[in-house]
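K.L.:
I am attaching a structure below and will ask some questions about it afterwards.
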Amino acid sequence: MGTIDLRAAADENSIADLRSQVHQLPCCIRFDGPADVSHYFKPQSSDVEIDGVRTEEAHFRGRKLQGATISLPSGYSGFVLGQASNLNANGKRKASMPAEENQCWEVKAKFDNLTYWNHDSLPSKDDTFLRSFHWFSIAEALHKPVKVEDLVAKDKI
């Protein structure tokens with residue numbers, strides 16, 4: 001079991017702001033490390049607007065991508081997590097349980113919007129990725145506490 005330390009998220013100056021830099025690509029990239037992405041991946045605004053959202057265009061490995069930047073729903077934030085350092089303030093190794101039993105993650109960056117990309121179609125409100133955002137309101141309704149007044153009002157109908 002592990003833990004996630006969100007304390008850094010409270011101090012906006014201590015973590016990177018990735019606003020307009022988070023992309024959901026329609027592919028799998030089998031690499032985990034630094035890359036000069038901005039040198040090769042250069043999205044450009046297009047003249048097309050669909051459902052009130054301005055679309056963007058980019059190319060990745062020779063394939064045309066069409067995307068749209070969307071804001072996360074109100075009350076939600078996106079975080080990039082990384083494994084927490086195993087060193088204390090003095091630079092000494094912390095005494096802890098074995099790493100696989102007690103993994104600790106911490107906030108490295110945050111974002112409040114992201115750009116999602118489609119291969120061969122323009123972004124639309126019917127995209128699976130966008131439709132998944134409807135779950136937020138469903139989950140909120142399911143987990144909202146039920147008040148006695150709500151039950152009484154329901155019985156009178």
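Residues are named by chain letter and number: chains run A, B, ... in the order of the structure tokens, numbers start at 1 in each chain, and ligands are numbered from 1 in the order shown.
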Using DSSP assignments from the backbone, pull out every residue in segment 30-151 of chain A that falls under alpha helix (DSSP H) and give it to me as JSON, numbers by chain.
P.N.:
{"A": [37, 38, 39, 40, 128, 129, 130, 131, 134, 135, 136, 137, 138, 139, 140, 141, 142, 143, 148, 149, 150, 151]}
K.L.:
Mind writing the picked residues with C-alpha atoms as a compact mmCIF listing (two decimals), in the first residue's frame?
P.N.:
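Full text of again-v4.txt as output:
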```
# COMPACT_ATOMS: atom_id res chain seq x y z
CA VAL A 37 8.82 17.30 -26.81
CA SER A 38 8.23 20.98 -27.57
CA HIS A 39 10.93 20.81 -30.24
CA TYR A 40 9.01 18.16 -32.20
CA THR A 128 -15.38 8.89 -25.52
CA PHE A 129 -12.81 10.93 -23.65
CA LEU A 130 -15.18 13.88 -23.20
CA ARG A 131 -18.14 11.66 -22.35
CA HIS A 134 -20.04 12.99 -17.27
CA TRP A 135 -19.05 10.47 -14.61
CA PHE A 136 -18.03 13.32 -12.29
CA SER A 137 -21.63 14.55 -11.94
CA ILE A 138 -22.97 10.99 -11.67
CA ALA A 139 -20.44 10.11 -8.96
CA GLU A 140 -21.28 13.31 -7.07
CA ALA A 141 -24.99 12.48 -7.14
CA LEU A 142 -24.34 8.90 -6.01
CA HIS A 143 -22.15 9.93 -3.08
CA VAL A 148 -34.36 13.38 5.82
CA GLU A 149 -36.11 16.26 4.00
CA ASP A 150 -35.22 14.65 0.66
CA LEU A 151 -36.81 11.36 1.72
```
K.L.:
Mind running segment 61-153 of chain A against segment 16-33 of chain A at 6 Å and telling me each contacting residue's nearest atom pair with the distance in Å (one decimal), counting only C-alpha atoms, chain and number ascending, as JSON lines?
P.N.:
```
{"residue": "A:Ala109", "atom": "CA", "partner": "A:Ala16", "partner_atom": "CA", "distance": 4.4}
{"residue": "A:Lys110", "atom": "CA", "partner": "A:Asp17", "partner_atom": "CA", "distance": 5.4}
{"residue": "A:Phe111", "atom": "CA", "partner": "A:Arg19", "partner_atom": "CA", "distance": 5.0}
{"residue": "A:Leu114", "atom": "CA", "partner": "A:Val22", "partner_atom": "CA", "distance": 4.9}
{"residue": "A:Thr115", "atom": "CA", "partner": "A:His23", "partner_atom": "CA", "distance": 4.8}
{"residue": "A:Tyr116", "atom": "CA", "partner": "A:Gln24", "partner_atom": "CA", "distance": 4.6}
{"residue": "A:Trp117", "atom": "CA", "partner": "A:Leu25", "partner_atom": "CA", "distance": 5.4}
```
K.L.:
Which residue, A:Thr3, A:Asn102, A:Ser121, A:Gln83, has the smallest gap to Ile50 of chain A when you use only C-alpha atoms?
P.N.:
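Between A:Thr3, A:Asn102, A:Ser121, A:Gln83, the residue approaching Ile50 of chain A most closely is A:Ser121.
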K.L.:
Report as a list of chain:residue names all protein, DNA and RNA residues lying within 8 Å of Val107 of chain A, evaluated on only C-alpha atoms, omitting residues in the same chain fewer than 3 positions from it.
P.N.:
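Those residues are A:Ile4, A:Asp5, A:Leu6, A:Arg7, A:Ala8, A:Ala9, A:Ile15, A:Phe79, A:Val80, A:Leu81, A:Gly82, A:Lys110.
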K.L.:
Go ahead and dump the residues you just picked, N, CA, C and O atoms, as a PDB file, in the first residue's frame.
P.N.:
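This went into again.pdb:
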```
ATOM      1  N   ILE A   4      -0.205   9.156  -0.874  1.00  0.00           N
ATOM      2  CA  ILE A   4      -0.014  10.311  -1.750  1.00  0.00           C
ATOM      3  C   ILE A   4       0.013  11.545  -0.880  1.00  0.00           C
ATOM      4  O   ILE A   4      -0.931  11.813  -0.128  1.00  0.00           O
ATOM      5  N   ASP A   5       1.083  12.299  -0.973  1.00  0.00           N
ATOM      6  CA  ASP A   5       1.258  13.510  -0.176  1.00  0.00           C
ATOM      7  C   ASP A   5       0.838  14.704  -1.031  1.00  0.00           C
ATOM      8  O   ASP A   5       1.515  15.054  -1.996  1.00  0.00           O
ATOM      9  N   LEU A   6      -0.288  15.334  -0.684  1.00  0.00           N
ATOM     10  CA  LEU A   6      -0.804  16.468  -1.447  1.00  0.00           C
ATOM     11  C   LEU A   6      -0.452  17.815  -0.824  1.00  0.00           C
ATOM     12  O   LEU A   6      -0.933  18.844  -1.269  1.00  0.00           O
ATOM     13  N   ARG A   7       0.405  17.809   0.194  1.00  0.00           N
ATOM     14  CA  ARG A   7       0.746  19.073   0.867  1.00  0.00           C
ATOM     15  C   ARG A   7       1.368  20.083  -0.089  1.00  0.00           C
ATOM     16  O   ARG A   7       1.107  21.273   0.001  1.00  0.00           O
ATOM     17  N   ALA A   8       2.183  19.627  -1.025  1.00  0.00           N
ATOM     18  CA  ALA A   8       2.835  20.549  -1.963  1.00  0.00           C
ATOM     19  C   ALA A   8       1.809  21.235  -2.854  1.00  0.00           C
ATOM     20  O   ALA A   8       2.030  22.356  -3.318  1.00  0.00           O
ATOM     21  N   ALA A   9       0.675  20.599  -3.093  1.00  0.00           N
ATOM     22  CA  ALA A   9      -0.357  21.180  -3.949  1.00  0.00           C
ATOM     23  C   ALA A   9      -0.933  22.456  -3.332  1.00  0.00           C
ATOM     24  O   ALA A   9      -1.417  23.329  -4.050  1.00  0.00           O
ATOM     25  N   ILE A  15       5.322  23.913  -6.870  1.00  0.00           N
ATOM     26  CA  ILE A  15       5.166  22.895  -7.902  1.00  0.00           C
ATOM     27  C   ILE A  15       4.994  23.549  -9.266  1.00  0.00           C
ATOM     28  O   ILE A  15       4.576  24.702  -9.367  1.00  0.00           O
ATOM     29  N   PHE A  79      -3.132  16.420 -11.219  1.00  0.00           N
ATOM     30  CA  PHE A  79      -1.812  16.421 -10.606  1.00  0.00           C
ATOM     31  C   PHE A  79      -0.904  15.425 -11.304  1.00  0.00           C
ATOM     32  O   PHE A  79      -1.354  14.370 -11.739  1.00  0.00           O
ATOM     33  N   VAL A  80       0.364  15.772 -11.397  1.00  0.00           N
ATOM     34  CA  VAL A  80       1.398  14.845 -11.846  1.00  0.00           C
ATOM     35  C   VAL A  80       2.111  14.397 -10.587  1.00  0.00           C
ATOM     36  O   VAL A  80       2.588  15.218  -9.798  1.00  0.00           O
ATOM     37  N   LEU A  81       2.148  13.086 -10.375  1.00  0.00           N
ATOM     38  CA  LEU A  81       2.763  12.531  -9.171  1.00  0.00           C
ATOM     39  C   LEU A  81       4.107  11.903  -9.495  1.00  0.00           C
ATOM     40  O   LEU A  81       4.307  11.389 -10.581  1.00  0.00           O
ATOM     41  N   GLY A  82       5.005  11.961  -8.543  1.00  0.00           N
ATOM     42  CA  GLY A  82       6.295  11.296  -8.654  1.00  0.00           C
ATOM     43  C   GLY A  82       6.622  10.671  -7.311  1.00  0.00           C
ATOM     44  O   GLY A  82       6.079  11.081  -6.274  1.00  0.00           O
ATOM     45  N   LYS A 110       0.889  20.475 -11.394  1.00  0.00           N
ATOM     46  CA  LYS A 110      -0.567  20.473 -11.448  1.00  0.00           C
ATOM     47  C   LYS A 110      -1.035  21.106 -12.745  1.00  0.00           C
ATOM     48  O   LYS A 110      -0.286  21.828 -13.413  1.00  0.00           O
TER      49      LYS A 110
END
```
K.L.:
Run DSSP on the backbone and give me the residues of chain A it puts in strand (DSSP E or B), as a PyMOL selection string.
P.N.:
chain A and resi 2-5+16-17+23-24+44-50+53-60+63-71+78-83+87+93+103-111+113-118
K.L.:
With distances taken over only C-alpha atoms, which of A:Asp11, A:Gln103, A:Val152, A:Phe41 is nearest to Arg63 of chain A?
P.N.:
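For Arg63 of chain A, the nearest of the given residues is A:Phe41.
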K.L.:
What does the distance between atom CA of Lys125 of chain A and atom CA of Glu57 of chain A come to in Å, to one decimal place?
P.N.:
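Distance reported for this atom pair: 17.3 Å.
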K.L.:
Which residues are close to Lys64 of chain A, i.e. within 9 Å by only C-alpha atoms, leaving aside same-chain residues fewer than 4 positions away? Reply as an MDAnalysis selection string.
P.N.:
chainID A and resid 57:60 118:120
K.L.:
I need the residue nearest Glu106 of chain A from this list: A:Leu65, A:Val146, A:Ala10, A:Val53. Use only C-alpha atoms for the distance.
P.N.:
A:Ala10
